[in-house]
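Dropping upload-v9.cif in here (mmCIF, C-alpha atoms):
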data_my_file
#
loop_
_atom_site.label_atom_id
_atom_site.label_comp_id
_atom_site.auth_asym_id
_atom_site.auth_seq_id
_atom_site.Cartn_x
_atom_site.Cartn_y
_atom_site.Cartn_z
CA MET A 783 126.95 63.74 135.42
CA ARG A 784 124.68 66.79 135.48
CA ILE A 785 121.71 67.11 133.20
CA GLN A 786 122.74 69.34 130.31
CA ASN A 787 119.39 71.10 129.85
CA GLU A 788 118.59 71.42 133.54
CA PRO A 789 116.83 74.78 134.06
CA LYS A 790 118.43 77.34 136.33
CA LEU A 791 116.72 77.96 139.65
CA SER A 792 115.21 81.38 140.21
CA ILE A 793 116.46 83.57 143.06
CA LEU A 794 113.27 82.75 144.95
CA ASP A 795 113.90 78.99 144.66
CA ARG A 796 117.66 79.13 145.22
CA PHE A 797 117.48 81.06 148.49
CA LEU A 798 114.12 79.79 149.72
CA THR A 799 115.43 78.76 153.14
CA LEU A 800 116.88 82.25 153.65
CA TRP A 801 113.61 83.92 152.60
CA ILE A 802 111.67 81.71 155.01
CA PHE A 803 113.86 82.63 157.98
CA ILE A 804 113.62 86.30 157.00
CA ALA A 805 109.81 85.95 156.86
CA MET A 806 109.82 84.31 160.30
CA GLY A 807 112.01 87.09 161.70
CA LEU A 808 109.83 89.82 160.19
CA GLY A 809 106.72 88.18 161.57
CA ILE A 810 108.10 87.81 165.10
CA LEU A 811 109.55 91.34 165.16
CA GLY A 812 106.39 92.86 163.69
CA GLY A 813 104.15 91.00 166.13
CA TYR A 814 106.27 92.12 169.08
CA MET A 815 106.54 95.79 168.00
CA PHE A 816 102.94 96.12 166.81
CA PRO A 817 100.83 93.76 168.97
CA GLY A 818 97.70 95.73 168.11
CA VAL A 819 98.07 94.88 164.43
CA GLY A 820 98.48 91.21 165.33
CA LYS A 821 95.19 91.32 167.25
CA VAL A 822 93.46 92.92 164.27
CA VAL A 823 94.74 90.11 162.04
CA GLU A 824 93.53 87.52 164.58
CA SER A 825 90.11 89.16 164.65
CA MET A 826 89.72 88.73 160.88
CA SER A 827 88.09 85.34 161.26
CA SER A 828 84.89 83.60 160.31
CA GLY A 829 84.09 81.17 163.08
CA THR A 830 87.34 79.31 163.70
CA VAL A 831 88.78 80.05 160.23
CA SER A 832 91.40 82.81 160.02
CA LEU A 833 90.69 84.56 156.73
CA PRO A 834 94.24 85.96 156.19
CA ILE A 835 95.82 82.55 156.82
CA ALA A 836 93.17 80.74 154.78
CA ALA A 837 93.85 83.04 151.82
CA GLY A 838 97.59 82.35 152.03
CA LEU A 839 97.14 78.58 152.29
CA ILE A 840 94.69 78.37 149.41
CA LEU A 841 96.97 80.41 147.13
CA MET A 842 99.98 78.42 148.31
CA MET A 843 98.44 75.06 147.45
CA TYR A 844 96.85 76.04 144.15
CA PRO A 845 99.99 75.76 141.91
CA PRO A 846 101.03 72.31 143.22
CA LEU A 847 97.47 71.03 142.84
CA ALA A 848 97.28 72.49 139.33
CA LYS A 849 100.32 70.33 138.48
CA VAL A 850 98.66 67.08 139.60
CA LYS A 851 97.78 64.72 136.76
CA TYR A 852 94.34 63.86 138.08
CA GLU A 853 93.78 61.37 135.30
CA ASN A 854 96.56 59.22 136.83
CA ILE A 855 95.33 59.22 140.43
CA GLY A 856 93.27 56.10 139.77
CA ASN A 857 96.49 54.18 139.06
CA VAL A 858 97.96 55.35 142.37
CA THR A 859 95.06 53.99 144.42
CA LYS A 860 95.74 50.52 143.06
CA ASP A 861 99.03 50.36 144.98
CA ILE A 862 97.62 48.83 148.16
CA LYS A 863 101.03 48.54 149.87
CA VAL A 864 101.70 52.27 149.68
CA LEU A 865 98.17 53.20 150.77
CA ALA A 866 98.21 50.76 153.69
CA PHE A 867 101.63 51.99 154.82
CA SER A 868 100.41 55.59 154.76
CA LEU A 869 97.30 54.78 156.78
CA ILE A 870 99.35 52.93 159.42
CA GLN A 871 101.77 55.86 159.65
CA ASN A 872 99.06 58.48 159.95
CA TRP A 873 96.37 56.80 161.99
CA LEU A 874 98.32 54.46 164.26
CA ILE A 875 101.99 55.43 164.66
CA GLY A 876 101.60 59.23 164.52
CA PRO A 877 98.88 59.68 167.17
CA ILE A 878 100.47 57.17 169.56
CA LEU A 879 103.91 58.76 169.21
CA MET A 880 102.56 62.26 169.90
CA PHE A 881 100.63 61.02 172.95
CA ILE A 882 103.79 59.41 174.35
CA LEU A 883 105.84 62.57 173.74
CA ALA A 884 103.19 64.75 175.42
CA ALA A 885 103.16 62.42 178.42
CA ILE A 886 106.97 62.42 178.71
CA PHE A 887 107.72 66.10 178.15
CA LEU A 888 104.56 67.88 179.38
CA PRO A 889 103.12 65.83 182.28
CA ASP A 890 102.79 68.96 184.46
CA LEU A 891 101.34 71.24 181.78
CA SER A 892 97.93 69.81 180.94
CA GLY A 893 96.92 72.54 178.46
CA PHE A 894 100.11 72.25 176.42
CA ALA A 895 99.92 68.44 176.53
CA VAL A 896 96.36 68.40 175.17
CA GLY A 897 97.30 70.96 172.50
CA LEU A 898 100.19 68.74 171.43
CA ILE A 899 97.92 65.70 171.20
CA ILE A 900 95.40 67.67 169.13
CA ILE A 901 98.22 68.47 166.68
CA GLY A 902 99.19 64.80 166.48
CA LEU A 903 95.62 63.77 165.69
CA ALA A 904 95.21 66.32 162.88
CA ARG A 905 96.81 64.43 160.04
CA CYS A 906 98.32 66.02 156.95
CA ILE A 907 96.20 67.64 154.28
CA ALA A 908 97.58 71.05 153.40
CA MET A 909 101.18 72.24 153.46
CA VAL A 910 102.51 68.74 152.84
CA ILE A 911 101.63 69.32 149.18
CA VAL A 912 104.13 72.19 149.11
CA TRP A 913 106.89 70.28 150.94
CA ASN A 914 106.38 67.31 148.62
CA THR A 915 106.64 69.52 145.54
CA LEU A 916 109.82 71.22 146.80
CA ALA A 917 111.38 67.80 147.50
CA LYS A 918 110.42 66.53 144.02
CA GLY A 919 108.04 63.90 145.34
CA ASP A 920 105.22 62.22 143.42
CA ASN A 921 102.39 64.75 143.00
CA GLU A 922 99.80 62.11 142.13
CA TYR A 923 100.67 59.95 145.16
CA CYS A 924 100.60 63.01 147.38
CA ALA A 925 97.18 64.12 146.12
CA ALA A 926 95.78 60.60 146.58
CA LEU A 927 97.23 60.19 150.09
CA VAL A 928 96.06 63.64 151.15
CA SER A 929 92.55 62.89 149.88
CA LEU A 930 92.52 59.56 151.70
CA ASN A 931 93.69 61.15 154.95
CA SER A 932 91.06 63.86 154.59
CA ILE A 933 88.28 61.27 154.34
CA PHE A 934 89.60 59.42 157.40
CA GLN A 935 89.91 62.72 159.23
CA ILE A 936 86.27 63.66 158.68
CA PHE A 937 84.96 60.32 159.92
CA PHE A 938 87.44 59.43 162.69
CA TYR A 939 88.80 62.69 164.15
CA THR A 940 86.01 63.03 166.74
CA LEU A 941 86.51 59.43 167.88
CA TYR A 942 90.30 59.88 168.09
CA ILE A 943 89.89 63.07 170.15
CA PHE A 944 87.77 61.17 172.67
CA PHE A 945 90.21 58.25 172.86
CA PHE A 946 93.47 60.22 173.13
CA VAL A 947 92.29 63.28 175.11
CA THR A 948 89.49 61.91 177.30
CA PHE A 949 89.87 58.13 177.72
CA LEU A 950 93.57 57.26 177.45
CA PRO A 951 94.98 59.97 179.80
CA LYS A 952 92.39 59.04 182.43
CA LEU A 953 93.29 55.37 182.04
CA PHE A 954 96.96 56.15 182.78
CA GLY A 955 96.11 58.52 185.63
CA PHE A 956 97.30 61.80 184.12
CA SER A 957 96.00 64.95 185.81
CA TRP A 958 94.63 66.13 182.47
CA GLY A 959 92.73 62.89 181.82
CA GLY A 960 88.97 62.77 181.45
CA GLN A 961 88.56 66.09 179.66
CA VAL A 962 85.49 66.10 177.45
CA VAL A 963 86.11 67.59 174.00
CA ASN A 964 83.06 68.34 171.89
CA ILE A 965 84.02 68.59 168.24
CA SER A 966 81.52 67.73 165.53
CA MET A 967 82.12 65.96 162.25
CA TRP A 968 80.89 69.10 160.46
CA GLN A 969 83.60 71.27 162.10
CA VAL A 970 86.25 68.87 160.82
CA ALA A 971 84.64 68.65 157.38
CA LYS A 972 84.46 72.47 157.12
CA SER A 973 88.19 72.78 157.76
CA VAL A 974 88.96 70.14 155.14
CA LEU A 975 86.63 71.71 152.57
CA ILE A 976 88.09 75.20 153.03
CA TYR A 977 91.81 74.44 153.22
CA LEU A 978 91.91 71.51 150.80
CA GLY A 979 88.65 71.48 148.86
CA ILE A 980 88.94 75.00 147.40
CA PRO A 981 92.50 74.70 146.00
CA PHE A 982 91.81 71.08 144.97
CA ALA A 983 88.77 72.16 142.94
CA ALA A 984 90.66 75.14 141.48
CA GLY A 985 93.58 72.93 140.40
CA PHE A 986 91.26 70.29 138.93
CA ILE A 987 89.17 72.80 136.97
CA THR A 988 92.26 74.68 135.76
CA ARG A 989 93.99 71.54 134.52
CA PHE A 990 91.08 70.06 132.60
CA GLY A 991 89.75 73.41 131.42
CA LEU A 992 93.02 74.75 130.02
CA THR A 993 94.42 71.47 128.64
CA SER A 994 91.21 70.92 126.66
CA LYS A 995 91.31 74.47 125.37
CA LYS A 996 95.05 75.12 124.88
CA GLY A 997 96.56 71.65 124.87
CA LYS A 998 98.72 69.75 127.36
CA GLU A 999 102.04 71.03 125.99
CA TRP A 1000 101.04 74.69 126.42
CA TYR A 1001 99.70 73.95 129.90
CA GLU A 1002 102.88 72.15 131.02
CA THR A 1003 105.46 74.47 129.41
CA LYS A 1004 103.76 77.89 129.51
CA PHE A 1005 101.05 78.07 132.16
CA LEU A 1006 102.52 76.03 135.02
CA PRO A 1007 105.92 77.81 135.06
CA LYS A 1008 104.11 81.16 135.31
CA ILE A 1009 101.96 80.23 138.32
CA SER A 1010 104.63 78.18 140.16
CA PRO A 1011 106.21 81.17 141.98
CA LEU A 1012 102.80 81.96 143.46
CA ALA A 1013 103.12 78.96 145.80
CA LEU A 1014 106.38 80.17 147.33
CA ILE A 1015 105.23 83.81 147.55
CA ALA A 1016 102.04 82.69 149.30
CA LEU A 1017 104.13 80.46 151.60
CA LEU A 1018 106.26 83.44 152.68
CA TYR A 1019 103.13 85.56 153.18
CA THR A 1020 101.52 82.83 155.32
CA ILE A 1021 104.64 82.49 157.46
CA VAL A 1022 104.77 86.25 158.10
CA ILE A 1023 101.08 86.29 159.11
CA MET A 1024 101.38 83.25 161.41
CA PHE A 1025 104.46 84.57 163.21
CA PHE A 1026 103.07 88.11 163.31
CA THR A 1027 99.97 87.06 165.23
CA LYS A 1028 102.07 85.28 167.88
CA GLY A 1029 105.26 87.40 167.82
CA ASN A 1030 104.52 88.98 171.19
CA GLN A 1031 103.92 85.62 172.88
CA ILE A 1032 107.01 84.07 171.32
CA ILE A 1033 109.31 86.77 172.70
CA ASN A 1034 107.58 87.07 176.08
CA HIS A 1035 107.28 83.32 176.76
CA PRO A 1036 110.39 81.69 175.28
CA PHE A 1037 110.56 78.90 177.88
CA ASN A 1038 107.04 77.72 177.03
CA ILE A 1039 108.02 77.69 173.36
CA VAL A 1040 110.99 75.46 174.16
CA ARG A 1041 108.88 73.06 176.24
CA ILE A 1042 106.48 72.61 173.34
CA ALA A 1043 109.14 72.69 170.60
CA ILE A 1044 111.22 69.78 171.94
CA PRO A 1045 108.56 67.03 171.61
CA LEU A 1046 107.39 68.52 168.31
CA LEU A 1047 110.92 68.45 166.91
CA ILE A 1048 111.38 64.83 168.01
CA TYR A 1049 108.02 63.93 166.49
CA PHE A 1050 108.70 65.49 163.08
CA LEU A 1051 112.18 63.97 162.81
CA LEU A 1052 111.18 60.47 163.95
CA MET A 1053 108.14 60.31 161.67
CA PHE A 1054 110.13 61.51 158.66
CA PHE A 1055 113.29 59.42 159.06
CA ILE A 1056 111.55 56.20 160.14
CA SER A 1057 109.12 56.49 157.22
CA PHE A 1058 111.94 57.19 154.77
CA LEU A 1059 114.02 54.28 156.07
CA ILE A 1060 111.14 51.79 155.86
CA SER A 1061 110.20 53.05 152.38
CA TYR A 1062 113.80 52.73 151.21
CA LYS A 1063 114.14 49.21 152.66
CA ARG A 1064 110.93 48.19 150.93
CA LYS A 1065 112.44 49.43 147.66
CA PHE A 1066 109.89 52.16 147.03
CA SER A 1067 111.00 54.77 144.51
CA TYR A 1068 112.43 58.06 145.76
CA GLU A 1069 109.25 59.89 144.74
CA GLN A 1070 107.10 57.45 146.70
CA SER A 1071 109.48 57.43 149.68
CA VAL A 1072 109.63 61.19 150.05
CA THR A 1073 105.87 61.55 149.59
CA LEU A 1074 105.17 58.93 152.28
CA SER A 1075 107.69 60.56 154.61
CA PHE A 1076 106.25 64.06 154.35
CA THR A 1077 102.64 62.89 154.61
CA ALA A 1078 103.61 61.02 157.79
CA ALA A 1079 105.59 63.86 159.37
CA SER A 1080 103.30 66.77 158.49
CA ASN A 1081 100.14 67.74 160.31
CA ASN A 1082 96.94 69.62 159.55
CA PHE A 1083 97.72 72.55 161.84
CA GLU A 1084 94.73 74.51 160.50
CA LEU A 1085 92.36 71.91 161.97
CA ALA A 1086 94.37 71.65 165.20
CA ILE A 1087 94.24 75.40 165.77
CA ALA A 1088 90.54 75.54 164.87
CA VAL A 1089 89.67 72.72 167.30
CA ALA A 1090 91.79 74.10 170.15
CA ALA A 1091 90.40 77.63 169.69
CA ALA A 1092 86.79 76.47 169.37
CA VAL A 1093 86.87 74.14 172.39
CA TYR A 1094 89.23 75.90 174.80
CA GLY A 1095 89.34 79.52 173.53
CA ILE A 1096 91.88 81.40 171.44
CA SER A 1097 93.85 82.50 174.54
CA SER A 1098 94.09 79.00 176.07
CA ASP A 1099 97.25 76.95 176.56
CA GLN A 1100 95.80 74.36 174.19
CA ALA A 1101 95.43 76.94 171.41
CA PHE A 1102 98.89 78.36 172.16
CA ALA A 1103 100.44 74.89 171.76
CA ALA A 1104 98.48 74.32 168.54
CA VAL A 1105 99.77 77.60 167.11
CA ILE A 1106 103.36 76.71 168.02
CA GLY A 1107 102.95 73.56 165.91
CA PRO A 1108 103.29 75.20 162.48
CA LEU A 1109 105.91 77.65 163.78
CA ILE A 1110 108.15 74.67 164.52
CA GLU A 1111 106.97 72.59 161.58
CA VAL A 1112 107.77 75.14 158.85
CA PRO A 1113 111.55 75.47 159.42
CA VAL A 1114 111.87 71.75 160.21
CA MET A 1115 110.10 70.73 157.00
CA ILE A 1116 112.23 73.10 154.94
CA ALA A 1117 115.33 71.48 156.46
CA LEU A 1118 113.89 68.03 155.68
CA VAL A 1119 113.27 69.05 152.06
CA ASN A 1120 117.03 69.59 151.76
CA VAL A 1121 117.71 66.30 153.55
CA ALA A 1122 115.38 64.48 151.14
CA LEU A 1123 117.11 65.97 148.10
CA TYR A 1124 120.45 64.85 149.55
CA PHE A 1125 119.08 61.33 150.04
CA LYS A 1126 117.97 61.34 146.41
CA LYS A 1127 121.54 61.97 145.22
CA ARG A 1128 123.17 59.70 147.79
CA TYR A 1129 120.95 56.63 147.95
CA PHE A 1130 118.85 56.46 144.80
CA ASN A 1131 120.79 55.42 141.73
CA GLU A 1132 119.21 57.43 138.97
CA VAL A 1133 120.73 57.80 135.54
CA ASN A 1134 121.16 61.48 134.66
CA LEU A 1135 121.19 62.03 130.95
#
Can the structure from this file be put into structure tokens for me?
Amino acid sequence: MRIQNEPKLSILDRFLTLWIFIAMGLGILGGYMFPGVGKVVESMSSGTVSLPIAAGLILMMYPPLAKVKYENIGNVTKDIKVLAFSLIQNWLIGPILMFILAAIFLPDLSGFAVGLIIIGLARCIAMVIVWNTLAKGDNEYCAALVSLNSIFQIFFYTLYIFFFVTFLPKLFGFSWGGQVVNISMWQVAKSVLIYLGIPFAAGFITRFGLTSKKGKEWYETKFLPKISPLALIALLYTIVIMFFTKGNQIINHPFNIVRIAIPLLIYFLLMFFISFLISYKRKFSYEQSVTLSFTAASNNFELAIAVAAAVYGISSDQAFAAVIGPLIEVPVMIALVNVALYFKKRYFNEVNL
């Protein structure tokens, strides 16, 4: 039975997948036809932070983070099983799986292999909040897990880079083993503070400032519906910018794209479906299951691109592979949002009033 008072979806929500593919197409076509403009966009950076992309990501994450009930996050952190499962997914299974896929699919392309590993080590902090919201996951769990992963990322990313890029490949005799990667804890922390800290602080301040002034009912029924479309508009803008800057390379080097895309596709699908299956078998709620699945499958591509560009150069194979990461991740995650919503109807017995 359908919910009687279920609100109608806006045109933006209803055809989101179509708008995303149009944005991708516009970005690729624009980048190919106007490569000079793409270079100008790439040059608009401060250090390793792309200002146009940073602006899009911050705007994109603000509405979902404004919806988070921060007063309830403390209750989430008490669920040790969920937190432990997320940490195992993100800091054990994910990096090992990406290393194995890089070794299997890119043994002869050292730059692409290292770029792929760098993606695998940059755990989720940013766009997962959007995917989780679209799939009707638990916002409080997502915020807590993202915060936890961010803390681990600041303290352990440098160590993981050494182990998976320098030590482990050399141990197994790969031609790209032994590379020394110098990335400081501050570089990682700066990425986290910019891409997560700014929208997190904005959402926190907005929620407590407006609810104390206008009341929770006004905030939930008036303010949030008005700012919600901003997330999807900013998502489309970010996709256009990302594809625009690499449109020329995508069209001129399609075979390289395919070589990188195959292990990435396998990675995203395995991490999502295995996480969802385990969560379902352990009788987690749908909201918890989908949140755990997206936080496991998503990656912090902003950090991966920043690290690859800073260490190897923006024109390197490593940076190229890192940039391909989000270009593959975006359409795959949108598809998985639809899969998750199907799973909700098919496997979770919820009473619709």
Counting all atoms listed in the file, the residue of A:Phe1026, A:Tyr977, A:Phe1083, A:Tyr1001 that sits nearest Val819 in chain A: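 Nearest candidate to Val819 in chain A out of A:Phe1026, A:Tyr977, A:Phe1083, A:Tyr1001: A:Phe1026.
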Which residue of A:Phe1005, A:Gln935, A:Arg905, A:Ile1023 approaches Leu833 in chain A most closely, using only C-alpha atoms: A:Ile1023
Spatial neighbours of range 1046-1048 of chain A, 8 Å, all atoms listed in the file, chain gap at least 5 places, as a list in words: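 So the residues in contact are Leu898, Gly1107, Ile1110, Glu1111 and Val1114 of chain A.
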Please measure the separation of CA of Val1105 in chain A and CA of Val1089 in chain A, giving the value in Å to one decimal. 11.2 Å
Enumerate, as a PDB file with C-alpha atoms, keeping the file's coordinate frame, the residues matched when the PyMOL selection byres ((chain A and resi 805) around 10) is run on the file above.
ATOM      1  CA  THR A 799     115.430  78.760 153.140  1.00  0.00           C
ATOM      2  CA  LEU A 800     116.880  82.250 153.650  1.00  0.00           C
ATOM      3  CA  TRP A 801     113.610  83.920 152.600  1.00  0.00           C
ATOM      4  CA  ILE A 802     111.670  81.710 155.010  1.00  0.00           C
ATOM      5  CA  PHE A 803     113.860  82.630 157.980  1.00  0.00           C
ATOM      6  CA  ILE A 804     113.620  86.300 157.000  1.00  0.00           C
ATOM      7  CA  MET A 806     109.820  84.310 160.300  1.00  0.00           C
ATOM      8  CA  GLY A 807     112.010  87.090 161.700  1.00  0.00           C
ATOM      9  CA  LEU A 808     109.830  89.820 160.190  1.00  0.00           C
ATOM     10  CA  GLY A 809     106.720  88.180 161.570  1.00  0.00           C
ATOM     11  CA  ILE A 810     108.100  87.810 165.100  1.00  0.00           C
ATOM     12  CA  LEU A 811     109.550  91.340 165.160  1.00  0.00           C
ATOM     13  CA  LEU A1017     104.130  80.460 151.600  1.00  0.00           C
ATOM     14  CA  LEU A1018     106.260  83.440 152.680  1.00  0.00           C
ATOM     15  CA  TYR A1019     103.130  85.560 153.180  1.00  0.00           C
ATOM     16  CA  THR A1020     101.520  82.830 155.320  1.00  0.00           C
ATOM     17  CA  ILE A1021     104.640  82.490 157.460  1.00  0.00           C
ATOM     18  CA  VAL A1022     104.770  86.250 158.100  1.00  0.00           C
ATOM     19  CA  ILE A1023     101.080  86.290 159.110  1.00  0.00           C
ATOM     20  CA  MET A1024     101.380  83.250 161.410  1.00  0.00           C
ATOM     21  CA  PHE A1025     104.460  84.570 163.210  1.00  0.00           C
ATOM     22  CA  PHE A1026     103.070  88.110 163.310  1.00  0.00           C
TER      23      PHE A1026
END
Might you spell out which residues the PyMOL selection byres ((chain A and resi 1059) around 12) would select in the displayed file, as an mmCIF file with C-alpha atoms, in the frame of the given file?
data_model
loop_
_atom_site.group_PDB
_atom_site.id
_atom_site.type_symbol
_atom_site.label_atom_id
_atom_site.label_comp_id
_atom_site.auth_asym_id
_atom_site.auth_seq_id
_atom_site.Cartn_x
_atom_site.Cartn_y
_atom_site.Cartn_z
ATOM 1 C CA LEU A 1051 112.180 63.970 162.810
ATOM 2 C CA LEU A 1052 111.180 60.470 163.950
ATOM 3 C CA MET A 1053 108.140 60.310 161.670
ATOM 4 C CA PHE A 1054 110.130 61.510 158.660
ATOM 5 C CA PHE A 1055 113.290 59.420 159.060
ATOM 6 C CA ILE A 1056 111.550 56.200 160.140
ATOM 7 C CA SER A 1057 109.120 56.490 157.220
ATOM 8 C CA PHE A 1058 111.940 57.190 154.770
ATOM 9 C CA ILE A 1060 111.140 51.790 155.860
ATOM 10 C CA SER A 1061 110.200 53.050 152.380
ATOM 11 C CA TYR A 1062 113.800 52.730 151.210
ATOM 12 C CA LYS A 1063 114.140 49.210 152.660
ATOM 13 C CA ARG A 1064 110.930 48.190 150.930
ATOM 14 C CA LYS A 1065 112.440 49.430 147.660
ATOM 15 C CA PHE A 1066 109.890 52.160 147.030
ATOM 16 C CA SER A 1067 111.000 54.770 144.510
ATOM 17 C CA TYR A 1068 112.430 58.060 145.760
ATOM 18 C CA SER A 1071 109.480 57.430 149.680
ATOM 19 C CA VAL A 1072 109.630 61.190 150.050
ATOM 20 C CA LEU A 1074 105.170 58.930 152.280
ATOM 21 C CA SER A 1075 107.690 60.560 154.610
ATOM 22 C CA ALA A 1122 115.380 64.480 151.140
ATOM 23 C CA PHE A 1125 119.080 61.330 150.040
ATOM 24 C CA TYR A 1129 120.950 56.630 147.950
#
Mind giving me the straight-line distance from CA of Cys924 in chain A to CA of Gln1070 in chain A in Å, one decimal? 8.6 Å
Translate the PyMOL selection byres ((chain A and resi 978) around 9), as applied to the file shown, into an explicit residue set as a PyMOL selection string. chain A and resi 839-840+843+907-908+928-929+932+973-977+979-983
Residues within 8 Å of (104.5, 67.1, 175.2), counting all atoms listed in the file, listed as a PDB file with C-alpha atoms, in the frame of the given file:
ATOM      1  CA  MET A 880     102.560  62.260 169.900  1.00  0.00           C
ATOM      2  CA  PHE A 881     100.630  61.020 172.950  1.00  0.00           C
ATOM      3  CA  ILE A 882     103.790  59.410 174.350  1.00  0.00           C
ATOM      4  CA  LEU A 883     105.840  62.570 173.740  1.00  0.00           C
ATOM      5  CA  ALA A 884     103.190  64.750 175.420  1.00  0.00           C
ATOM      6  CA  ALA A 885     103.160  62.420 178.420  1.00  0.00           C
ATOM      7  CA  ILE A 886     106.970  62.420 178.710  1.00  0.00           C
ATOM      8  CA  PHE A 887     107.720  66.100 178.150  1.00  0.00           C
ATOM      9  CA  LEU A 888     104.560  67.880 179.380  1.00  0.00           C
ATOM     10  CA  PRO A 889     103.120  65.830 182.280  1.00  0.00           C
ATOM     11  CA  PHE A 894     100.110  72.250 176.420  1.00  0.00           C
ATOM     12  CA  ALA A 895      99.920  68.440 176.530  1.00  0.00           C
ATOM     13  CA  LEU A 898     100.190  68.740 171.430  1.00  0.00           C
ATOM     14  CA  ILE A 899      97.920  65.700 171.200  1.00  0.00           C
ATOM     15  CA  ARG A1041     108.880  73.060 176.240  1.00  0.00           C
ATOM     16  CA  ILE A1042     106.480  72.610 173.340  1.00  0.00           C
ATOM     17  CA  ILE A1044     111.220  69.780 171.940  1.00  0.00           C
ATOM     18  CA  PRO A1045     108.560  67.030 171.610  1.00  0.00           C
ATOM     19  CA  LEU A1046     107.390  68.520 168.310  1.00  0.00           C
TER      20      LEU A1046
END
Please rebuild range 912-917 of chain A with all heavy atoms and return the result as a PDB file, keeping the file's coordinate frame.
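Okay, this is what ended up in result-v3.pdb:
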ATOM      1  N   VAL A 912     103.032  71.294 149.455  1.00  0.00           N
ATOM      2  CA  VAL A 912     104.130  72.190 149.110  1.00  0.00           C
ATOM      3  C   VAL A 912     105.469  71.546 149.399  1.00  0.00           C
ATOM      4  O   VAL A 912     106.397  71.589 148.588  1.00  0.00           O
ATOM      5  CB  VAL A 912     103.995  73.526 149.863  1.00  0.00           C
ATOM      6  CG1 VAL A 912     105.179  74.434 149.577  1.00  0.00           C
ATOM      7  CG2 VAL A 912     102.696  74.215 149.480  1.00  0.00           C
ATOM      8  N   TRP A 913     105.609  70.930 150.594  1.00  0.00           N
ATOM      9  CA  TRP A 913     106.890  70.280 150.940  1.00  0.00           C
ATOM     10  C   TRP A 913     107.197  69.175 149.936  1.00  0.00           C
ATOM     11  O   TRP A 913     108.344  69.010 149.508  1.00  0.00           O
ATOM     12  CB  TRP A 913     106.835  69.672 152.339  1.00  0.00           C
ATOM     13  CG  TRP A 913     106.324  70.547 153.428  1.00  0.00           C
ATOM     14  CD1 TRP A 913     105.477  70.204 154.448  1.00  0.00           C
ATOM     15  CD2 TRP A 913     106.643  71.934 153.668  1.00  0.00           C
ATOM     16  NE1 TRP A 913     105.223  71.279 155.261  1.00  0.00           N
ATOM     17  CE2 TRP A 913     105.928  72.348 154.805  1.00  0.00           C
ATOM     18  CE3 TRP A 913     107.438  72.864 152.997  1.00  0.00           C
ATOM     19  CZ2 TRP A 913     106.000  73.645 155.305  1.00  0.00           C
ATOM     20  CZ3 TRP A 913     107.509  74.161 153.485  1.00  0.00           C
ATOM     21  CH2 TRP A 913     106.807  74.539 154.617  1.00  0.00           C
ATOM     22  N   ASN A 914     106.187  68.401 149.569  1.00  0.00           N
ATOM     23  CA  ASN A 914     106.380  67.310 148.620  1.00  0.00           C
ATOM     24  C   ASN A 914     106.838  67.830 147.263  1.00  0.00           C
ATOM     25  O   ASN A 914     107.718  67.247 146.628  1.00  0.00           O
ATOM     26  CB  ASN A 914     105.076  66.523 148.482  1.00  0.00           C
ATOM     27  CG  ASN A 914     105.212  65.334 147.557  1.00  0.00           C
ATOM     28  OD1 ASN A 914     105.837  64.345 147.875  1.00  0.00           O
ATOM     29  ND2 ASN A 914     104.607  65.433 146.385  1.00  0.00           N
ATOM     30  N   THR A 915     106.259  68.927 146.830  1.00  0.00           N
ATOM     31  CA  THR A 915     106.640  69.520 145.540  1.00  0.00           C
ATOM     32  C   THR A 915     108.081  70.025 145.584  1.00  0.00           C
ATOM     33  O   THR A 915     108.857  69.800 144.643  1.00  0.00           O
ATOM     34  CB  THR A 915     105.682  70.674 145.185  1.00  0.00           C
ATOM     35  OG1 THR A 915     104.348  70.166 145.107  1.00  0.00           O
ATOM     36  CG2 THR A 915     106.065  71.293 143.841  1.00  0.00           C
ATOM     37  N   LEU A 916     108.455  70.706 146.670  1.00  0.00           N
ATOM     38  CA  LEU A 916     109.820  71.220 146.800  1.00  0.00           C
ATOM     39  C   LEU A 916     110.847  70.092 146.817  1.00  0.00           C
ATOM     40  O   LEU A 916     111.965  70.245 146.315  1.00  0.00           O
ATOM     41  CB  LEU A 916     109.947  72.058 148.074  1.00  0.00           C
ATOM     42  CG  LEU A 916     109.169  73.378 148.110  1.00  0.00           C
ATOM     43  CD1 LEU A 916     109.268  74.019 149.479  1.00  0.00           C
ATOM     44  CD2 LEU A 916     109.694  74.338 147.043  1.00  0.00           C
ATOM     45  N   ALA A 917     110.464  68.935 147.398  1.00  0.00           N
ATOM     46  CA  ALA A 917     111.380  67.800 147.500  1.00  0.00           C
ATOM     47  C   ALA A 917     111.321  66.885 146.283  1.00  0.00           C
ATOM     48  O   ALA A 917     111.948  65.825 146.274  1.00  0.00           O
ATOM     49  CB  ALA A 917     111.084  66.999 148.764  1.00  0.00           C
TER      50      ALA A 917
END
